[in-house]
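Enquirer: Provided below: protein.cif, containing mmCIF, C-alpha atoms.
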```
data_entry
loop_
_atom_site.label_atom_id
_atom_site.label_comp_id
_atom_site.auth_asym_id
_atom_site.auth_seq_id
_atom_site.Cartn_x
_atom_site.Cartn_y
_atom_site.Cartn_z
CA MET A 11 0.00 0.00 0.00
CA ILE A 12 1.26 3.49 -0.90
CA PHE A 13 0.45 6.51 1.26
CA ARG A 14 -1.09 9.44 -0.55
CA ARG A 15 1.45 12.22 -0.26
CA HIS A 16 -1.12 14.87 0.66
CA LYS A 17 -2.63 12.79 3.47
CA ARG A 18 -1.13 13.00 6.95
CA ARG A 19 -1.40 9.96 9.17
CA VAL A 20 -0.59 9.37 12.81
CA LEU A 21 0.63 6.19 14.53
CA VAL A 22 0.26 5.79 18.31
CA ILE A 23 1.73 2.86 20.25
CA GLY A 24 0.72 2.40 23.88
CA LEU A 25 2.72 0.18 26.24
CA ASP A 26 0.65 -0.30 29.35
CA GLY A 27 2.62 0.07 32.57
CA LEU A 28 6.06 0.30 30.96
CA PRO A 29 8.20 2.61 33.12
CA TYR A 30 10.39 5.31 31.59
CA SER A 31 13.31 4.08 33.71
CA LEU A 32 12.97 0.44 32.61
CA LEU A 33 12.62 1.37 28.94
CA LEU A 34 15.83 3.41 29.18
CA ASP A 35 17.61 0.45 30.79
CA PHE A 36 16.46 -1.91 28.02
CA PHE A 37 17.60 0.54 25.36
CA ARG A 38 21.04 0.89 26.96
CA GLN A 39 21.41 -2.86 27.44
CA GLY A 40 20.46 -3.66 23.85
CA ILE A 41 17.42 -5.66 24.90
CA MET A 42 15.17 -3.52 22.69
CA SER A 43 17.84 -2.53 20.16
CA LYS A 44 15.57 -2.28 17.11
CA THR A 45 13.10 0.05 18.81
CA ALA A 46 15.95 2.04 20.34
CA LYS A 47 17.47 2.63 16.90
CA PHE A 48 14.22 4.09 15.61
CA LEU A 49 13.53 6.14 18.71
CA SER A 50 17.05 7.60 18.87
CA GLN A 51 15.79 10.03 16.25
CA GLY A 52 13.39 11.61 18.75
CA LYS A 53 13.11 12.26 22.47
CA LEU A 54 11.94 10.07 25.32
CA TYR A 55 10.28 12.09 28.09
CA PRO A 56 9.36 11.04 31.62
CA MET A 57 5.67 11.61 32.25
CA ARG A 58 3.23 11.55 35.13
CA ALA A 59 0.20 9.31 35.07
CA SER A 60 -3.27 10.11 36.33
CA LEU A 61 -4.28 10.08 39.97
CA PRO A 62 -5.10 7.45 40.95
CA GLU A 63 -2.39 5.88 38.81
CA ILE A 64 -4.51 3.12 37.28
CA SER A 65 -5.31 2.26 33.68
CA ALA A 66 -9.03 3.06 33.85
CA VAL A 67 -8.27 6.65 34.82
CA SER A 68 -4.98 7.24 33.05
CA TRP A 69 -6.09 6.00 29.64
CA THR A 70 -9.30 8.01 29.97
CA ASP A 71 -7.21 11.10 30.73
CA PHE A 72 -5.28 10.37 27.53
CA MET A 73 -8.24 9.68 25.28
CA THR A 74 -10.15 12.78 26.43
CA GLY A 75 -7.36 15.21 27.31
CA THR A 76 -9.15 15.93 30.60
CA ASN A 77 -9.19 14.72 34.22
CA PRO A 78 -11.74 12.74 36.27
CA ALA A 79 -13.69 15.83 37.32
CA SER A 80 -14.46 16.35 33.63
CA HIS A 81 -14.60 12.84 32.15
CA GLY A 82 -16.17 11.16 35.18
CA ILE A 83 -13.94 8.10 35.69
CA PHE A 84 -12.36 8.23 39.16
CA GLY A 85 -11.38 4.56 39.45
CA PHE A 86 -12.20 0.96 38.54
CA THR A 87 -15.02 1.22 41.07
CA ASP A 88 -17.18 4.10 42.22
CA PHE A 89 -20.17 4.74 44.43
CA LYS A 90 -23.66 4.58 43.04
CA PRO A 91 -24.84 8.16 43.63
CA GLY A 92 -26.43 8.66 47.03
CA THR A 93 -25.55 5.16 48.28
CA TYR A 94 -22.71 3.10 49.74
CA ASP A 95 -23.06 0.53 46.95
CA LEU A 96 -20.21 0.16 44.49
CA ARG A 97 -20.45 -0.04 40.71
CA PHE A 98 -17.98 -0.54 37.86
CA PRO A 99 -17.94 2.52 35.59
CA ASN A 100 -17.48 1.76 31.92
CA PHE A 101 -16.91 3.55 28.62
CA ASN A 102 -20.54 4.70 28.53
CA ASP A 103 -19.86 6.74 31.68
CA VAL A 104 -17.18 8.87 29.98
CA GLN A 105 -18.77 12.30 29.82
CA VAL A 106 -16.59 14.05 27.22
CA PRO A 107 -15.57 13.14 23.66
CA THR A 108 -12.49 11.03 22.97
CA ILE A 109 -9.71 11.78 20.52
CA TRP A 110 -11.24 9.35 18.00
CA GLU A 111 -14.68 10.93 18.27
CA LYS A 112 -13.19 14.38 17.72
CA LEU A 113 -11.23 13.16 14.72
CA GLY A 114 -14.31 11.40 13.36
CA ARG A 115 -16.20 14.69 13.35
CA LEU A 116 -13.42 16.02 11.14
CA GLY A 117 -13.87 13.14 8.74
CA LYS A 118 -10.81 11.22 9.96
CA LYS A 119 -10.90 7.42 10.12
CA CYS A 120 -9.36 5.76 13.20
CA ILE A 121 -8.25 2.19 13.82
CA VAL A 122 -7.88 1.55 17.57
CA ILE A 123 -6.73 -1.88 18.77
CA ASN A 124 -6.82 -3.07 22.39
CA GLN A 125 -7.49 0.32 24.00
CA PRO A 126 -8.14 -0.16 27.75
CA ALA A 127 -11.12 1.58 29.38
CA THR A 128 -13.28 1.54 26.23
CA TYR A 129 -15.68 -1.29 27.08
CA PRO A 130 -18.34 -1.62 25.85
CA ALA A 131 -17.13 -0.25 22.53
CA ARG A 132 -19.09 2.74 21.31
CA PRO A 133 -19.28 4.04 17.74
CA ILE A 134 -16.34 5.76 16.10
CA LYS A 135 -15.54 6.53 12.45
CA GLY A 136 -13.41 3.45 11.86
CA VAL A 137 -12.75 0.45 14.08
CA LEU A 138 -12.51 0.24 17.87
CA ILE A 139 -11.44 -2.96 19.65
CA SER A 140 -11.74 -2.57 23.41
CA GLY A 141 -9.02 -3.81 25.72
CA PHE A 142 -8.98 -4.37 29.48
CA VAL A 143 -11.51 -4.68 31.16
CA ALA A 144 -13.44 -6.04 28.19
CA ILE A 145 -15.33 -9.20 29.06
CA ASP A 146 -17.18 -10.23 25.91
CA LEU A 147 -15.77 -9.79 22.39
CA ALA A 148 -19.33 -9.26 21.14
CA LYS A 149 -19.50 -5.99 23.09
CA ALA A 150 -15.85 -5.05 22.66
CA VAL A 151 -15.86 -4.28 18.95
CA PHE A 152 -17.28 -1.54 16.75
CA PRO A 153 -18.56 -1.90 14.12
CA PRO A 154 -20.11 -5.27 15.03
CA GLN A 155 -19.33 -6.84 11.65
CA GLU A 156 -15.64 -6.84 12.63
CA ILE A 157 -16.29 -9.48 15.29
CA GLU A 158 -16.31 -12.36 12.79
CA ARG A 159 -13.06 -11.15 11.22
CA LEU A 160 -11.42 -11.14 14.65
CA LYS A 161 -12.75 -14.56 15.52
CA LYS A 162 -11.18 -15.95 12.34
CA ILE A 163 -7.72 -14.88 13.55
CA ASP A 164 -8.40 -16.18 17.10
CA TYR A 165 -8.13 -12.67 18.51
CA LEU A 166 -7.54 -12.58 22.29
CA ILE A 167 -8.70 -9.67 24.42
CA ASP A 168 -6.26 -10.29 27.28
CA VAL A 169 -4.26 -12.90 29.12
CA ASP A 170 -6.10 -15.05 31.65
CA THR A 171 -5.03 -13.28 34.85
CA THR A 172 -7.11 -15.58 37.06
CA ALA A 173 -5.30 -18.66 35.77
CA ALA A 174 -1.94 -16.89 36.02
CA ARG A 175 -2.56 -15.98 39.64
CA ALA A 176 -3.15 -19.64 40.44
CA ASN A 177 -0.18 -20.85 38.37
CA ARG A 178 2.45 -18.31 37.31
CA ASP A 179 3.92 -20.59 34.66
CA LEU A 180 0.68 -20.29 32.67
CA LEU A 181 1.38 -16.62 32.08
CA TRP A 182 4.26 -17.15 29.64
CA PRO A 183 2.44 -19.05 26.87
CA ASP A 184 -0.57 -16.78 27.38
CA LEU A 185 1.58 -13.68 26.90
CA LYS A 186 3.02 -15.19 23.73
CA ARG A 187 -0.41 -16.03 22.29
CA THR A 188 -1.78 -12.59 23.11
CA LEU A 189 1.18 -10.80 21.52
CA GLU A 190 0.79 -12.96 18.40
CA SER A 191 -2.90 -12.04 18.40
CA ARG A 192 -1.98 -8.34 18.30
CA LEU A 193 0.31 -8.95 15.34
CA LYS A 194 -2.50 -10.72 13.46
CA ALA A 195 -4.80 -7.77 14.15
CA LEU A 196 -2.13 -5.40 12.81
CA ASP A 197 -1.90 -7.40 9.61
CA LEU A 198 -5.69 -7.39 9.34
CA TYR A 199 -6.21 -3.63 9.68
CA TRP A 200 -2.98 -2.01 8.54
CA LYS A 201 -3.91 -2.14 4.88
CA GLU A 202 -7.11 -0.16 5.42
CA ASN A 203 -7.40 3.51 4.54
CA TRP A 204 -6.98 5.23 7.91
CA ASP A 205 -5.83 8.56 9.32
CA TYR A 206 -5.09 7.50 12.91
CA PHE A 207 -3.83 4.06 13.93
CA GLU A 208 -3.37 3.05 17.56
CA LEU A 209 -2.20 -0.18 19.15
CA VAL A 210 -1.97 -0.75 22.90
CA ILE A 211 0.00 -3.63 24.42
CA THR A 212 -1.22 -4.65 27.89
CA GLY A 213 0.95 -7.74 28.31
CA THR A 214 3.64 -5.46 29.73
CA ASP A 215 1.39 -4.56 32.66
CA ARG A 216 0.49 -8.20 33.29
CA LEU A 217 4.13 -9.26 33.17
CA HIS A 218 5.15 -6.57 35.67
CA HIS A 219 2.41 -7.42 38.16
CA TYR A 220 3.52 -11.05 38.28
CA PHE A 221 7.27 -10.92 37.64
CA MET A 222 8.57 -7.39 38.30
CA LYS A 223 11.39 -8.75 40.47
CA ALA A 224 12.82 -10.47 37.39
CA ALA A 225 13.19 -7.25 35.39
CA ARG A 226 16.64 -6.22 36.59
CA ARG A 227 18.01 -9.38 38.20
CA PRO A 228 19.97 -11.68 35.86
CA ASP A 229 20.11 -14.34 38.59
CA HIS A 230 16.32 -14.46 38.85
CA PRO A 231 14.89 -17.78 37.56
CA TYR A 232 12.50 -15.92 35.25
CA TYR A 233 14.87 -13.20 34.09
CA LYS A 234 15.48 -14.82 30.70
CA ALA A 235 11.75 -15.32 30.07
CA PHE A 236 11.12 -11.70 31.08
CA ILE A 237 13.77 -10.41 28.69
CA ASN A 238 12.59 -12.70 25.89
CA TYR A 239 9.13 -11.17 26.11
CA TYR A 240 10.64 -7.74 25.63
CA ARG A 241 12.71 -8.96 22.70
CA ALA A 242 9.50 -10.22 21.07
CA LEU A 243 7.88 -6.88 21.83
CA ASP A 244 10.88 -5.14 20.28
CA ASP A 245 10.28 -7.13 17.08
CA LEU A 246 6.59 -6.16 16.98
CA ILE A 247 7.21 -2.45 17.63
CA SER A 248 10.04 -2.20 15.11
CA HIS A 249 7.89 -4.06 12.56
CA LEU A 250 5.16 -1.45 13.04
CA LEU A 251 7.56 1.51 12.93
CA HIS A 252 9.19 0.18 9.78
CA ALA A 253 5.82 -0.38 8.11
CA PHE A 254 4.84 3.21 8.84
CA THR A 255 8.06 4.92 7.77
CA SER A 256 8.56 2.74 4.69
CA GLN A 257 5.16 3.87 3.40
CA LYS A 258 5.96 7.58 3.40
CA GLY A 259 5.05 8.07 7.05
CA SER A 260 7.09 10.65 8.96
CA LEU A 261 8.73 10.02 12.33
CA ASP A 262 7.10 13.30 13.37
CA ASP A 263 3.75 11.54 13.19
CA ILE A 264 4.67 8.67 15.52
CA PHE A 265 4.00 8.71 19.27
CA LEU A 266 4.70 6.13 21.96
CA LEU A 267 3.53 6.29 25.56
CA SER A 268 2.75 4.35 28.71
CA ASP A 269 -0.12 5.05 31.10
CA HIS A 270 1.79 4.68 34.39
CA GLY A 271 5.07 3.46 35.79
CA PHE A 272 5.83 0.29 37.75
CA SER A 273 7.93 -0.72 40.74
CA GLU A 274 8.53 -3.79 42.83
CA LEU A 275 5.85 -4.31 45.48
CA ASN A 276 6.96 -4.56 49.09
CA LYS A 277 3.75 -4.37 51.13
CA GLU A 278 0.06 -3.83 50.58
CA VAL A 279 -1.28 -1.04 52.81
CA TYR A 280 -4.92 -1.16 53.88
CA LEU A 281 -6.25 2.35 54.30
CA ASN A 282 -9.62 1.42 55.78
CA TYR A 283 -7.87 -0.56 58.53
CA TRP A 284 -5.72 2.51 59.18
CA LEU A 285 -8.78 4.78 59.33
CA SER A 286 -10.43 2.32 61.73
CA GLU A 287 -7.39 2.30 64.02
CA LEU A 288 -7.56 6.11 64.15
CA GLY A 289 -11.25 5.93 65.06
CA LEU A 290 -12.27 7.67 61.83
CA LEU A 291 -14.05 4.65 60.33
CA LYS A 292 -16.52 2.62 62.40
CA PHE A 293 -18.93 -0.17 61.52
CA GLN A 294 -22.28 -1.22 62.95
CA VAL A 295 -21.27 -4.91 62.87
CA LYS A 296 -18.14 -6.79 63.88
CA GLU A 297 -17.59 -8.36 60.46
CA PRO A 298 -18.71 -5.78 57.87
CA GLN A 299 -19.52 -7.10 54.43
CA SER A 300 -19.66 -3.75 52.64
CA LEU A 301 -19.38 -0.03 53.26
CA ALA A 302 -23.15 -0.02 53.78
CA ASP A 303 -22.37 -1.47 57.23
CA LEU A 304 -20.48 1.60 58.39
CA ASP A 305 -21.61 3.54 61.44
CA ASP A 306 -23.08 7.01 61.17
CA SER A 307 -20.17 8.42 63.22
CA THR A 308 -17.67 7.57 60.47
CA VAL A 309 -15.48 10.49 59.40
CA ALA A 310 -13.75 8.99 56.36
CA LEU A 311 -13.58 5.86 54.21
CA ALA A 312 -11.32 4.64 51.40
CA LEU A 313 -11.69 3.04 47.98
CA ASP A 314 -9.03 1.29 45.91
CA PRO A 315 -6.37 2.18 45.27
CA ASN A 316 -5.67 5.42 47.17
CA ARG A 317 -8.89 7.44 47.35
CA ILE A 318 -10.22 8.82 50.63
CA TYR A 319 -13.77 10.15 50.94
CA LEU A 320 -15.06 12.20 53.84
CA HIS A 321 -18.41 10.98 55.14
CA LEU A 322 -20.10 14.20 54.05
CA ARG A 323 -23.68 15.14 54.75
CA GLY A 324 -25.54 15.30 51.45
CA LYS A 325 -23.07 13.05 49.65
CA PHE A 326 -23.65 9.87 51.65
CA PRO A 327 -27.01 8.74 53.06
CA ARG A 328 -25.89 8.84 56.70
CA GLY A 329 -23.06 11.33 56.36
CA LYS A 330 -22.56 13.57 59.39
CA ILE A 331 -19.55 15.66 58.35
CA GLU A 332 -20.68 19.17 57.45
CA PRO A 333 -19.20 20.73 54.30
CA GLY A 334 -17.73 23.45 56.47
CA GLN A 335 -15.66 20.82 58.30
CA ARG A 336 -14.15 19.45 55.11
CA ASP A 337 -10.92 21.46 55.10
CA TYR A 338 -10.26 20.61 58.76
CA TRP A 339 -10.63 16.88 58.28
CA CYS A 340 -8.71 16.86 55.02
CA ASP A 341 -5.82 18.58 56.76
CA GLU A 342 -5.92 16.23 59.76
CA ILE A 343 -5.98 13.08 57.62
CA LYS A 344 -3.25 14.41 55.36
CA LYS A 345 -0.95 15.11 58.32
CA ALA A 346 -1.59 11.64 59.74
CA LEU A 347 -0.94 9.93 56.41
CA LEU A 348 2.38 11.71 55.96
CA LYS A 349 3.47 10.36 59.36
CA LEU A 350 2.68 6.76 58.43
CA LYS A 351 5.81 4.55 58.49
CA TYR A 352 6.77 0.95 57.95
CA GLN A 353 9.87 -0.22 59.81
CA GLY A 354 11.03 3.37 60.03
CA SER A 355 10.45 4.20 56.35
CA PRO A 356 7.77 6.67 55.27
CA VAL A 357 4.91 5.13 53.32
CA ILE A 358 3.22 8.19 51.83
CA GLN A 359 5.15 10.71 49.73
CA SER A 360 2.31 13.16 49.08
CA VAL A 361 -1.40 13.73 49.65
CA TYR A 362 -3.54 15.89 47.38
CA ALA A 363 -6.91 17.48 47.97
CA ALA A 364 -9.17 16.80 45.01
CA GLU A 365 -9.28 20.45 43.96
CA GLU A 366 -5.46 20.52 43.70
CA ILE A 367 -5.39 17.93 40.91
CA TYR A 368 -8.88 17.88 39.40
CA SER A 369 -10.97 20.53 37.70
CA GLY A 370 -14.38 20.20 36.15
CA PRO A 371 -18.11 19.98 36.82
CA LEU A 372 -17.86 16.50 38.42
CA LEU A 373 -15.37 17.49 41.13
CA SER A 374 -17.78 16.81 43.99
CA HIS A 375 -18.44 13.27 42.71
CA GLY A 376 -14.90 12.11 43.43
CA PRO A 377 -12.72 11.56 46.49
CA ASP A 378 -11.68 14.33 48.84
CA LEU A 379 -8.07 13.17 49.11
CA ILE A 380 -5.69 11.18 46.93
CA ALA A 381 -2.65 9.63 48.59
CA VAL A 382 0.51 8.83 46.62
CA SER A 383 2.71 6.19 48.19
CA PHE A 384 6.42 5.66 47.89
CA PRO A 385 7.27 2.86 45.43
CA GLY A 386 6.80 -0.49 47.09
CA PHE A 387 3.73 0.38 49.14
CA ASP A 388 0.50 -0.51 47.33
CA LEU A 389 -2.50 1.31 48.84
CA LYS A 390 -5.69 -0.76 49.11
CA GLY A 391 -9.30 -0.18 50.13
CA SER A 392 -10.54 -3.54 51.45
CA ILE A 393 -12.62 -3.37 54.64
CA LYS A 394 -12.05 -7.02 55.55
CA LYS A 395 -8.31 -7.05 56.24
CA LYS A 396 -7.20 -7.23 59.87
CA ASN A 397 -3.74 -5.69 59.43
CA LEU A 398 -2.37 -2.46 58.07
CA PHE A 399 0.57 -4.04 56.21
CA LEU A 400 0.29 -7.36 54.39
CA ASP A 401 2.32 -9.30 51.85
CA SER A 402 1.00 -9.65 48.33
CA ASP A 403 0.98 -12.56 45.91
CA LEU A 404 1.97 -10.06 43.20
CA GLU A 405 5.45 -8.66 42.59
CA GLY A 406 4.74 -5.29 40.98
CA MET A 407 2.64 -2.17 41.54
CA HIS A 408 1.77 0.98 39.61
CA THR A 409 3.65 4.24 40.15
CA TYR A 410 2.63 7.82 39.41
CA ASP A 411 5.74 9.49 38.06
CA ASP A 412 7.60 7.00 35.86
CA ALA A 413 5.47 6.79 32.73
CA PHE A 414 6.96 7.90 29.38
CA PHE A 415 6.10 9.72 26.17
CA TRP A 416 8.13 9.63 22.95
CA THR A 417 7.94 12.15 20.14
CA THR A 418 10.29 13.98 17.79
CA GLY A 419 9.01 17.31 19.10
CA GLU A 420 9.57 19.41 22.20
CA VAL A 421 7.01 19.07 24.99
CA GLN A 422 6.23 21.05 28.12
CA LYS A 423 7.87 20.42 31.46
CA ASN A 424 6.05 18.27 34.03
CA LEU A 425 4.23 16.42 31.26
CA LYS A 426 1.06 14.56 32.25
CA ILE A 427 -0.71 11.90 30.24
CA ALA A 428 -3.71 14.15 29.55
CA ASP A 429 -1.34 16.56 27.75
CA CYS A 430 -0.57 13.92 25.10
CA HIS A 431 -4.11 14.21 23.77
CA GLN A 432 -3.65 17.72 22.38
CA ILE A 433 -0.09 17.08 21.18
CA ILE A 434 -1.34 14.20 19.01
CA MET A 435 -4.52 16.00 17.92
CA GLU A 436 -2.49 18.91 16.57
CA ARG A 437 -0.84 16.58 14.03
CA LEU A 438 -4.18 15.85 12.39
CA ILE A 439 -6.17 19.09 12.62
#
```
How does this structure look as structure tokens?

Expert:
Amino acid sequence: MIFRRHKRRVLVIGLDGLPYSLLLDFFRQGIMSKTAKFLSQGKLYPMRASLPEISAVSWTDFMTGTNPASHGIFGFTDFKPGTYDLRFPNFNDVQVPTIWEKLGRLGKKCIVINQPATYPARPIKGVLISGFVAIDLAKAVFPPQEIERLKKIDYLIDVDTTAARANRDLLWPDLKRTLESRLKALDLYWKENWDYFELVITGTDRLHHYFMKAARRPDHPYYKAFINYYRALDDLISHLLHAFTSQKGSLDDIFLLSDHGFSELNKEVYLNYWLSELGLLKFQVKEPQSLADLDDSTVALALDPNRIYLHLRGKFPRGKIEPGQRDYWCDEIKKALLKLKYQGSPVIQSVYAAEEIYSGPLLSHGPDLIAVSFPGFDLKGSIKKKNLFLDSDLEGMHTYDDAFFWTTGEVQKNLKIADCHQIIMERLI
């Protein structure tokens, strides 16, 4: 296929959970030599993820160029309005247009493969294949007629994380099959007449959750398998970059990014247990089954992964904290969090009030505080744990400030993932 010279096209490659620091290491060590050769012609920038630093929020920041107070996605779970019941927000809850919807209004055709946080798939001008947390391929693809084409190539939405958690060795062949599935999808859609092409790889995130300790340790029993996955990824990325540039595509129209960083996980930290120990969270029963069991005297409660909500009157059915008390309690909880230590080491590096990091009409719908931990301490919201610090059966956790963005252009300082939206849009409008 030959590109029309007058038609500008953009290629975006997303690498879920790939840290800036690890990518640099792999470039320097020659582990991703083919990709490094291409990308040496541009600049690799460190970037901050969303808060909380999870895929559902960070990718939505990217696709909309906004923050949760505008797009409406504050986490993988959220409260049903006016209740203590939890729900799972999905793509239909995103309140502002995405980059593909904006481009579609301009007559641009987009091909988007394996984009997290887009389930169920909604209409775009082109093709959208939802990624994590897509459950059913029948609802993960637009337009629907593409489903049969994907079935013919045995397209896989994701690795089987449940099976991998039970048996880590099952992850390796599953990662291989899923990566091969992405390559088949590339071959299927690359030849179409598009303006914007995006591929997201989520196997990187899965690998890091289960085997992050192998990333930099040559003596680790899974180090070779870890590196081999990245060599296979290097082949796929370089194949895609070569296909784009060999067909008259400019390096200036290529972008690579990750949605958050990753670090080794030391301890899980249970914020609701901590709030209970401080007397700020109380339950009506000894063994609470949900947040609906909390006592009216509760001051604050937490949701995964690091969101703290004041028990405000008017926001929660039995909330007793007056809006005028909000600043006082936010300040008190922030000071207490910053004092939290594990074996002499601080756990929390910063705490933000919602209005410091969010702006938009949905501000009051979200948490009052967001805590950012030091790498190694994974903040959790379970109400059933009986300890503040617990070991995890996972090896890796997300981090806020070690994502990356690659482009040939100059970008602003303190880059955040939402900023990438406009940078990419400007290449096509």

Enquirer: Which residue gives the smallest distance to Gly141 (chain A) among A:Leu181, A:Leu291, A:Ile167, A:Leu160, with all atoms listed in the file counted?

Expert: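 The shortest atom-to-atom distance to Gly141 (chain A) comes from A:Ile167.
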
Enquirer: Need the shell around Tyr240 (chain A): protein/DNA/RNA residues with any atom at most 12 Å away, counting only C-alpha atoms. Skip same-chain ones fewer than 5 positions apart. Format as number ranges by chain?

Expert: A: 25, 28, 32-33, 35-37, 39-45, 185-186, 189, 211, 213-214, 217-218, 225, 233-235, 245-248

Enquirer: With distances taken over all atoms listed in the file, which residue among A:Gly406, A:Pro377, A:Pro29, A:Pro385 lies nearest Phe84 (chain A)?

Expert: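 So, comparing all the options, the nearest one is A:Pro377.
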
Enquirer: Which residues, named as in the file, does the PyMOL selection byres ((chain A and resi 343-358) around 6) pick out? Answer as a list of chain:residue names.

Expert: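 Written out, the selection comes to A:Cys340, A:Asp341, A:Glu342, A:Gln359, A:Ser360, A:Val382, A:Ser383, A:Phe384.
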
Enquirer: Return as lines of an AutoDock Vina configuration file the centre and edge lengths, in Å with one decimal, of the box along x, y and z that encloses every atom of region 58-63 of chain A in the file, padded by 6 Å per side.

Expert:
```
center_x = -0.9
center_y = 8.7
center_z = 38.0
size_x = 20.3
size_y = 17.7
size_z = 17.9
```

Enquirer: Which residues are close to Ala127 (chain A), i.e. within 7 Å by all atoms listed in the file, leaving aside same-chain residues fewer than 4 positions away? Reply as a list of chain:residue names.

Expert: A:Ala66, A:Trp69, A:Thr70, A:Asn100, A:Phe101, A:Gly141, A:Phe142, A:Val143

Enquirer: Spell out the residues picked by the PyMOL selection byres ((chain A and resi 86) around 8) here, as a list in words.

Expert: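 Written out, the selection comes to Ala66, Val67, Ile83, Phe84, Gly85, Thr87, Asp88, Phe98 and Pro99 of chain A.
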
Enquirer: Using all atoms listed in the file, find the one residue out of A:Trp182, A:Tyr129, A:Tyr206, A:Tyr280 that sits nearest to Phe152 (chain A).

Expert: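 Residue with the minimum atom-to-atom distance to Phe152 (chain A): A:Tyr129.
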
Enquirer: Using all atoms listed in the file, which protein or nucleic acid residues come within 12 Å of Leu116 (chain A)? Drop anything in the same chain fewer than 4 positions from it, and give the result as a list in words.

Expert: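 That gives Ile109, Trp110, Glu111, Lys112, Cys120, Ile134, Lys135, Asp205, Met435, Leu438 and Ile439 of chain A.
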
Enquirer: Save out the residues we just selected, C-alpha atoms, as a PDB file, in the coordinates of the input.

Expert:
```
ATOM      1  CA  ILE A 109      -9.710  11.780  20.520  1.00  0.00           C
ATOM      2  CA  TRP A 110     -11.240   9.350  18.000  1.00  0.00           C
ATOM      3  CA  GLU A 111     -14.680  10.930  18.270  1.00  0.00           C
ATOM      4  CA  LYS A 112     -13.190  14.380  17.720  1.00  0.00           C
ATOM      5  CA  CYS A 120      -9.360   5.760  13.200  1.00  0.00           C
ATOM      6  CA  ILE A 134     -16.340   5.760  16.100  1.00  0.00           C
ATOM      7  CA  LYS A 135     -15.540   6.530  12.450  1.00  0.00           C
ATOM      8  CA  ASP A 205      -5.830   8.560   9.320  1.00  0.00           C
ATOM      9  CA  MET A 435      -4.520  16.000  17.920  1.00  0.00           C
ATOM     10  CA  LEU A 438      -4.180  15.850  12.390  1.00  0.00           C
ATOM     11  CA  ILE A 439      -6.170  19.090  12.620  1.00  0.00           C
TER      12      ILE A 439
END
```

Enquirer: For the file shown, report as a short mmCIF file (atom, residue, chain, number, x, y, z; two decimals) with C-alpha atoms, in the coordinates of the input the outcome of the PyMOL selection byres ((chain A and resi 363-372) around 10) at residue level.

Expert:
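Written file, selection33.cif:
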```cif
data_model
loop_
_atom_site.label_atom_id
_atom_site.label_comp_id
_atom_site.auth_asym_id
_atom_site.auth_seq_id
_atom_site.Cartn_x
_atom_site.Cartn_y
_atom_site.Cartn_z
CA SER A 60 -3.27 10.11 36.33
CA LEU A 61 -4.28 10.08 39.97
CA THR A 76 -9.15 15.93 30.60
CA ASN A 77 -9.19 14.72 34.22
CA PRO A 78 -11.74 12.74 36.27
CA ALA A 79 -13.69 15.83 37.32
CA SER A 80 -14.46 16.35 33.63
CA HIS A 81 -14.60 12.84 32.15
CA GLY A 82 -16.17 11.16 35.18
CA ILE A 83 -13.94 8.10 35.69
CA PHE A 84 -12.36 8.23 39.16
CA GLN A 105 -18.77 12.30 29.82
CA ARG A 317 -8.89 7.44 47.35
CA ILE A 318 -10.22 8.82 50.63
CA ASP A 337 -10.92 21.46 55.10
CA CYS A 340 -8.71 16.86 55.02
CA ASP A 341 -5.82 18.58 56.76
CA LYS A 344 -3.25 14.41 55.36
CA VAL A 361 -1.40 13.73 49.65
CA TYR A 362 -3.54 15.89 47.38
CA LEU A 373 -15.37 17.49 41.13
CA SER A 374 -17.78 16.81 43.99
CA HIS A 375 -18.44 13.27 42.71
CA GLY A 376 -14.90 12.11 43.43
CA PRO A 377 -12.72 11.56 46.49
CA ASP A 378 -11.68 14.33 48.84
CA LEU A 379 -8.07 13.17 49.11
CA ILE A 380 -5.69 11.18 46.93
CA ALA A 381 -2.65 9.63 48.59
#
```

Enquirer: Residues at most 10 Å from region 254-266 of chain A, counting all atoms listed in the file, excluding those fewer than 3 positions away in the same chain, as a count of residues only?

Expert: 41
